[in-house]
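A short worksheet on the structure shown next.
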Amino acid sequence: MKYISQLDYSEMSYVTKTDVENEEQCERGKHTTVRSSGCGLCASIMVADRLLVNYDFDLQSAIQLSYDMKANHLSGTDYKRYAPAFAEKLGLSLEMTNDPERLCYCLRTGGAAVLHVAECEDYIGVFTHGGHYVAAIAEEPDGRIAILDPSFREGKYDEEGRKGKVEIKNGVICLCDLQVVEKETAGRTPGMYLFWRR
């Protein structure tokens, strides 16, 4: 199992906000990095590693694919543009949904997913205080979802509102209830990008 932390890539450029009209924001986008904006790229590589034995796809490949698809026009990665191209490039099937039952089905049938999580009104986000992408790699026997969070750091889940919602296993695997995943993805459409081997 490959784990990629976006926090390790503060020097790797990932230009974003390419179609933002605000000149100041557009200028900031020229200086963004994988650390600041590459969670979706890291999550896709972890999904690829989960599903495929042999694949030729790394962070540079993910950045180039995002550029090619013009998926870097936001402050991170527009997965509606990126995910279909990623699936095609790696020979994967893709389903976009907000249905947690489809997520469970995907994980039970050998698939993996990228979840688009967000903090919503009156709700403290477990994985982010803004918007973020994480990789869902398995469903545990007790029904909890195993997640790889590209921005995991010590103490992240000890904050008020997050405490007790995530259990860390093997150093980097975040286990949480399906209800947490459902709440985290409720503010995004789609909130779940499901991938299977073809």
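So you can find residues: chains in the structure tokens are A, B, ... in the order shown, residues in each start at 1, and ligands are numbered from 1 in order.
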
DSSP helix (DSSP H, G or I) residues within stretch 25-158 of chain A, listed as JSON, numbers by chain: {"A": [25, 26, 27, 28, 29, 34, 35, 36, 37, 39, 40, 41, 42, 43, 44, 45, 46, 47, 48, 49, 50, 51, 59, 60, 61, 62, 63, 64, 65, 66, 67, 68, 71, 72, 73, 79, 80, 81, 82, 83, 84, 85, 86, 87, 88, 89, 90, 100, 101, 102, 103, 104, 105, 106, 107, 108, 156, 157, 158]}

A:Ser44 environment, 12 Å, only C-alpha atoms, sequence neighbours closer than 3 positions dropped, as a ChimeraX atom specification: /A:2-4,6,38-41,47-52,57-59,61-63,65-66,77,79,82-87,89-90,92,112-116,133-137,148-150,193-195

Given only C-alpha atoms as the counted atoms, nearest of A:Val181, A:Ala186, A:Leu7, A:Cys174 to A:Cys42: A:Leu7

Test item: residues at most 8 Å from stretch 154-161 of chain A, only C-alpha atoms, excluding those fewer than 6 positions along its chain, as a VMD selection string: chain A and resid 124 to 127

Filtering to N, CA and C atoms, could you give me those residues as a compact mmCIF listing (two decimals), in the first residue's frame?
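Done, and the output landed in result.txt:
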# COMPACT_ATOMS: atom_id res chain seq x y z
N ILE A 124 -18.20 20.82 11.81
CA ILE A 124 -16.74 20.89 11.75
C ILE A 124 -16.23 19.72 10.92
N GLY A 125 -15.54 20.02 9.85
CA GLY A 125 -15.02 18.96 8.98
C GLY A 125 -13.98 18.10 9.68
N VAL A 126 -14.08 16.81 9.51
CA VAL A 126 -13.13 15.89 10.12
C VAL A 126 -11.81 15.90 9.35
N PHE A 127 -11.88 15.91 8.03
CA PHE A 127 -10.67 15.84 7.20
C PHE A 127 -10.18 17.20 6.72

Nearest candidate to A:Glu184 (options A:Asn98, A:Thr33, A:Thr18, A:Gln64; using only C-alpha atoms):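 For A:Glu184, the nearest of the given residues is A:Asn98.
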
Nearest to A:Tyr105 by atom-to-atom distance, counting only C-alpha atoms, from A:Gly164, A:Gly91, A:Gly143, A:Gly76: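 For A:Tyr105, the nearest of the candidates is A:Gly143.
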
Residue with smallest distance to A:Arg144 - pool A:Gly187, A:Pro100, A:Gly110, A:Gly171, counting only C-alpha atoms: A:Pro100

All strand (DSSP E) positions in stretch 7-163 of chain A, as a VMD selection string: chain A and resid 92 to 97 112 to 118 131 to 139 145 to 148

For the selection just defined, write its residues with N, CA and C atoms to a file, as a CSV table (one decimal), in the first residue's frame.
chain,number,residue,atom,x,y,z
A,92,LEU,N,-9.3,2.2,-16.0
A,92,LEU,CA,-10.2,2.0,-14.9
A,92,LEU,C,-11.6,2.4,-15.3
A,93,SER,N,-12.6,1.7,-14.6
A,93,SER,CA,-14.0,2.2,-14.7
A,93,SER,C,-14.2,3.2,-13.7
A,94,LEU,N,-15.1,4.1,-13.9
A,94,LEU,CA,-15.4,5.2,-13.0
A,94,LEU,C,-16.9,5.4,-12.9
A,95,GLU,N,-17.3,5.7,-11.6
A,95,GLU,CA,-18.7,6.0,-11.3
A,95,GLU,C,-18.7,7.2,-10.4
A,96,MET,N,-19.4,8.3,-10.7
A,96,MET,CA,-19.5,9.4,-9.8
A,96,MET,C,-20.8,9.4,-9.1
A,97,THR,N,-20.8,9.6,-7.8
A,97,THR,CA,-22.0,9.5,-7.0
A,97,THR,C,-22.0,10.2,-5.7
A,112,ALA,N,-11.8,1.1,-5.3
A,112,ALA,CA,-11.3,2.2,-4.4
A,112,ALA,C,-11.9,3.5,-4.9
A,113,ALA,N,-11.8,4.5,-4.0
A,113,ALA,CA,-12.5,5.7,-4.3
A,113,ALA,C,-11.7,7.0,-3.9
A,114,VAL,N,-12.0,8.1,-4.6
A,114,VAL,CA,-11.5,9.4,-4.1
A,114,VAL,C,-12.8,10.1,-3.6
A,115,LEU,N,-12.7,10.6,-2.4
A,115,LEU,CA,-13.8,11.3,-1.8
A,115,LEU,C,-13.5,12.8,-1.8
A,116,HIS,N,-14.5,13.6,-2.2
A,116,HIS,CA,-14.4,15.0,-2.1
A,116,HIS,C,-15.1,15.5,-0.9
A,117,VAL,N,-14.3,15.8,0.1
A,117,VAL,CA,-14.8,16.1,1.4
A,117,VAL,C,-14.8,17.6,1.7
A,118,ALA,N,-15.7,18.1,2.5
A,118,ALA,CA,-15.8,19.6,2.8
A,118,ALA,C,-16.4,19.8,4.1
A,131,GLY,N,-12.1,22.5,1.6
A,131,GLY,CA,-12.3,21.4,0.6
A,131,GLY,C,-11.1,20.5,0.5
A,132,HIS,N,-11.2,19.2,0.3
A,132,HIS,CA,-10.1,18.3,0.3
A,132,HIS,C,-10.5,17.0,-0.4
A,133,TYR,N,-9.5,16.3,-0.9
A,133,TYR,CA,-9.7,15.0,-1.4
A,133,TYR,C,-8.9,13.9,-0.6
A,134,VAL,N,-9.6,12.8,-0.4
A,134,VAL,CA,-8.9,11.7,0.3
A,134,VAL,C,-9.2,10.4,-0.4
A,135,ALA,N,-8.4,9.4,-0.2
A,135,ALA,CA,-8.6,8.1,-0.9
A,135,ALA,C,-9.3,7.1,0.1
A,136,ALA,N,-10.4,6.5,-0.4
A,136,ALA,CA,-11.0,5.4,0.4
A,136,ALA,C,-10.6,4.1,-0.2
A,137,ILE,N,-9.9,3.2,0.6
A,137,ILE,CA,-9.3,2.0,0.1
A,137,ILE,C,-9.9,0.7,0.5
A,138,ALA,N,-10.8,0.7,1.5
A,138,ALA,CA,-11.4,-0.5,2.0
A,138,ALA,C,-12.5,-0.3,3.0
A,139,GLU,N,-13.3,-1.3,3.1
A,139,GLU,CA,-14.4,-1.3,4.1
A,139,GLU,C,-14.0,-2.4,5.1
A,145,ILE,N,-14.9,2.7,7.2
A,145,ILE,CA,-14.2,3.0,6.0
A,145,ILE,C,-12.7,3.3,6.2
A,146,ALA,N,-11.8,2.7,5.5
A,146,ALA,CA,-10.4,2.9,5.6
A,146,ALA,C,-10.0,4.0,4.6
A,147,ILE,N,-9.4,5.0,5.1
A,147,ILE,CA,-9.1,6.2,4.3
A,147,ILE,C,-7.6,6.6,4.4
A,148,LEU,N,-7.1,7.0,3.3
A,148,LEU,CA,-5.7,7.6,3.3
A,148,LEU,C,-5.9,9.1,3.0
